[in-house]
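Each remark here refers to the structure printed beneath this line.
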Amino acid sequence: MNRASLRRPHRGLSPLLAIIIGLIIVIVAGILLSQLYFSYTATISHRPACSIEYVDLVAQPGGSGTLVINLKNTGNVRIVWLWLDGPNIGTCYRYPHVVGHNVNTDIPPGSTGSMRCTITSGIAPGTVYTATLRVRFEDDSMQQYSVTARARSL
């Protein structure tokens with residue numbers, strides 16, 4: 001008998017092929033875990049917030065007034081809607097102004113925007129005016145801010 005016939009045939013993977021398959025499994029598992037981690041941390045860090053920088057009310061002749069509100073988006077979610085509730089509010093303009101379904105402004109994180117409203121009556125120099133500013137963010141969260149201003153003359 002010769003030695004070749006006494007050897008058992010080797011069956012299985014070569015060491016190189018086993019290493020390549022192992023590396024592929026580790027890489028795929030790492031990609032899946034990193035996607036899970038980053039999607040989880042993005043959800044946690046979602047923070048809608050804004051601050052009112054200033055409010056100015058100018059009394060116009062005839063008892064009307066112009067109310068200007070400037071706000072800054074201090075969170076990390078885009079502001080898409082501004083609304084002012086209060087007595088005798090006429091026309092309001094938003095800057096930047098956007099026309100769309102359930103959208104009237106577009107203030108990205110870190111940016112500022114403003115709202116200018118006409119108060120139709122009841123405003124004289126020294127009058128204190130109070131209103132509620134409603135702010136809606138891109139994630140459909142809503143915040144309300146109380147706005148108070150003392151009217152000044154032109």
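All residue names refer to the structure tokens as shown: chains lettered A, B, ... in order, residues numbered from 1 in each chain, ligands numbered from 1 in order.
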
Which residues are near A:Gly65? Cut-off 9 Å, only C-alpha atoms, ignore same chain within fewer than 5 positions. Put them as a PDB file with N, CA and C atoms, in the first residue's frame.
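Contents of the output file result16.pdb:
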```pdb
ATOM      1  N   LEU A  57     -43.702  97.080  20.132  1.00  0.00           N
ATOM      2  CA  LEU A  57     -45.046  97.516  19.766  1.00  0.00           C
ATOM      3  C   LEU A  57     -45.009  99.026  19.560  1.00  0.00           C
ATOM      4  N   VAL A  58     -45.351  99.460  18.360  1.00  0.00           N
ATOM      5  CA  VAL A  58     -45.343 100.870  18.015  1.00  0.00           C
ATOM      6  C   VAL A  58     -46.788 101.322  17.828  1.00  0.00           C
ATOM      7  N   ALA A  59     -47.194 102.340  18.597  1.00  0.00           N
ATOM      8  CA  ALA A  59     -48.542 102.893  18.478  1.00  0.00           C
ATOM      9  C   ALA A  59     -48.622 103.776  17.244  1.00  0.00           C
ATOM     10  N   GLN A  60     -49.654 103.563  16.447  1.00  0.00           N
ATOM     11  CA  GLN A  60     -49.892 104.352  15.244  1.00  0.00           C
ATOM     12  C   GLN A  60     -51.024 105.345  15.523  1.00  0.00           C
ATOM     13  N   CYS A 117     -47.260  91.975  13.031  1.00  0.00           N
ATOM     14  CA  CYS A 117     -48.718  91.954  13.033  1.00  0.00           C
ATOM     15  C   CYS A 117     -49.262  93.365  13.253  1.00  0.00           C
ATOM     16  N   THR A 118     -50.390  93.622  12.629  1.00  0.00           N
ATOM     17  CA  THR A 118     -51.097  94.867  12.851  1.00  0.00           C
ATOM     18  C   THR A 118     -52.129  94.643  13.955  1.00  0.00           C
ATOM     19  N   ILE A 119     -52.121  95.492  14.955  1.00  0.00           N
ATOM     20  CA  ILE A 119     -53.153  95.481  16.001  1.00  0.00           C
ATOM     21  C   ILE A 119     -54.142  96.573  15.591  1.00  0.00           C
ATOM     22  N   THR A 120     -55.381  96.204  15.357  1.00  0.00           N
ATOM     23  CA  THR A 120     -56.331  97.104  14.708  1.00  0.00           C
ATOM     24  C   THR A 120     -56.845  98.220  15.602  1.00  0.00           C
ATOM     25  N   SER A 121     -56.911  98.021  16.925  1.00  0.00           N
ATOM     26  CA  SER A 121     -57.444  99.078  17.793  1.00  0.00           C
ATOM     27  C   SER A 121     -56.988  98.864  19.228  1.00  0.00           C
ATOM     28  N   GLY A 122     -57.178  99.935  20.037  1.00  0.00           N
ATOM     29  CA  GLY A 122     -56.881  99.845  21.466  1.00  0.00           C
ATOM     30  C   GLY A 122     -55.438 100.087  21.843  1.00  0.00           C
ATOM     31  N   ILE A 123     -54.643 100.620  20.928  1.00  0.00           N
ATOM     32  CA  ILE A 123     -53.220 100.830  21.211  1.00  0.00           C
ATOM     33  C   ILE A 123     -52.927 102.333  21.265  1.00  0.00           C
ATOM     34  N   ALA A 124     -52.347 102.759  22.377  1.00  0.00           N
ATOM     35  CA  ALA A 124     -51.858 104.132  22.558  1.00  0.00           C
ATOM     36  C   ALA A 124     -50.504 104.021  23.248  1.00  0.00           C
ATOM     37  N   ALA A 151     -46.555  99.666  24.469  1.00  0.00           N
ATOM     38  CA  ALA A 151     -46.544 100.440  23.225  1.00  0.00           C
ATOM     39  C   ALA A 151     -45.718 101.706  23.388  1.00  0.00           C
TER      40      ALA A 151
END
```

| field | For atom CA of A:Val147 and atom CA of A:Val135, the interatomic separation in Å (one decimal) | value | 12.4 Å

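Note that atom CA of A:Thr66 and atom CA of A:Ser114 are 12.9 Å apart.
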
| Among chain A, which ones does DSSP place in strand (DSSP E), written as a PyMOL selection string? | chain A and resi 50-59+65-73+79-85+89-95+97-100+103-105+112-119+128-137+142-150+152-153

| field | Surrounding residues of stretch 138-143 of chain A excluding itself and chain neighbours under 5 positions, 7 Å, only C-alpha atoms, as a PyMOL selection string | value | chain A and resi 77-80

| Quick one: residues within 9 Å of A:Leu84, only C-alpha atoms counted, chain neighbours fewer than 4 positions away excluded, as a PyMOL selection string? | chain A and resi 89+92+115+117+131-135

Those residues with N, CA, C and O atoms, as an mmCIF file, in the first residue's frame please?
```
data_model
loop_
_atom_site.group_PDB
_atom_site.id
_atom_site.type_symbol
_atom_site.label_atom_id
_atom_site.label_comp_id
_atom_site.auth_asym_id
_atom_site.auth_seq_id
_atom_site.Cartn_x
_atom_site.Cartn_y
_atom_site.Cartn_z
ATOM 1 N N ILE A 89 -56.123 91.456 16.613
ATOM 2 C CA ILE A 89 -55.024 91.183 15.676
ATOM 3 C C ILE A 89 -55.555 91.238 14.253
ATOM 4 O O ILE A 89 -56.548 90.594 13.921
ATOM 5 N N CYS A 92 -51.008 89.508 9.752
ATOM 6 C CA CYS A 92 -49.671 89.142 10.237
ATOM 7 C C CYS A 92 -48.817 88.667 9.066
ATOM 8 O O CYS A 92 -49.295 87.974 8.169
ATOM 9 N N MET A 115 -42.048 87.992 13.067
ATOM 10 C CA MET A 115 -43.466 88.086 12.755
ATOM 11 C C MET A 115 -43.872 89.534 13.000
ATOM 12 O O MET A 115 -43.529 90.117 14.023
ATOM 13 N N CYS A 117 -47.260 91.975 13.031
ATOM 14 C CA CYS A 117 -48.718 91.954 13.033
ATOM 15 C C CYS A 117 -49.262 93.365 13.253
ATOM 16 O O CYS A 117 -48.683 94.152 13.998
ATOM 17 N N ALA A 131 -50.291 88.854 24.241
ATOM 18 C CA ALA A 131 -50.764 87.877 23.261
ATOM 19 C C ALA A 131 -50.040 86.557 23.500
ATOM 20 O O ALA A 131 -49.123 86.474 24.329
ATOM 21 N N THR A 132 -50.461 85.527 22.771
ATOM 22 C CA THR A 132 -49.831 84.212 22.865
ATOM 23 C C THR A 132 -49.263 83.840 21.505
ATOM 24 O O THR A 132 -49.993 83.838 20.507
ATOM 25 N N LEU A 133 -47.974 83.549 21.471
ATOM 26 C CA LEU A 133 -47.313 83.102 20.250
ATOM 27 C C LEU A 133 -47.269 81.583 20.268
ATOM 28 O O LEU A 133 -46.759 80.978 21.205
ATOM 29 N N ARG A 134 -47.805 80.968 19.220
ATOM 30 C CA ARG A 134 -47.774 79.506 19.084
ATOM 31 C C ARG A 134 -46.742 79.145 18.016
ATOM 32 O O ARG A 134 -46.760 79.709 16.922
ATOM 33 N N VAL A 135 -45.874 78.225 18.378
ATOM 34 C CA VAL A 135 -44.785 77.811 17.492
ATOM 35 C C VAL A 135 -44.893 76.305 17.278
ATOM 36 O O VAL A 135 -44.947 75.536 18.229
#
```

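Take atom CA of A:Tyr145 and atom CA of A:Gly86: the distance between them is 12.0 Å.
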
| message | For the helix (DSSP H, G or I) assignment from backbone DSSP, which residues of stretch 12-68 of chain A qualify? Please present them as a ChimeraX atom specification. | response | /A:15-44

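Residues surrounding A:Glu53 within 8 Å are Ile69, Asn70, Leu71 and Lys72 of chain A [only C-alpha atoms; sequence separation below 4 positions excluded].
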
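Between A:Asn76 and the candidates A:Val55, A:Ala149, A:Gly113, A:Pro108, the tightest atom-to-atom separation, counting only C-alpha atoms, involves A:Pro108.
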
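Closest approach to A:Tyr93 from the set A:Asp106, A:Arg150, A:Val68, A:Ser111 is made by A:Val68, with distances taken over only C-alpha atoms.
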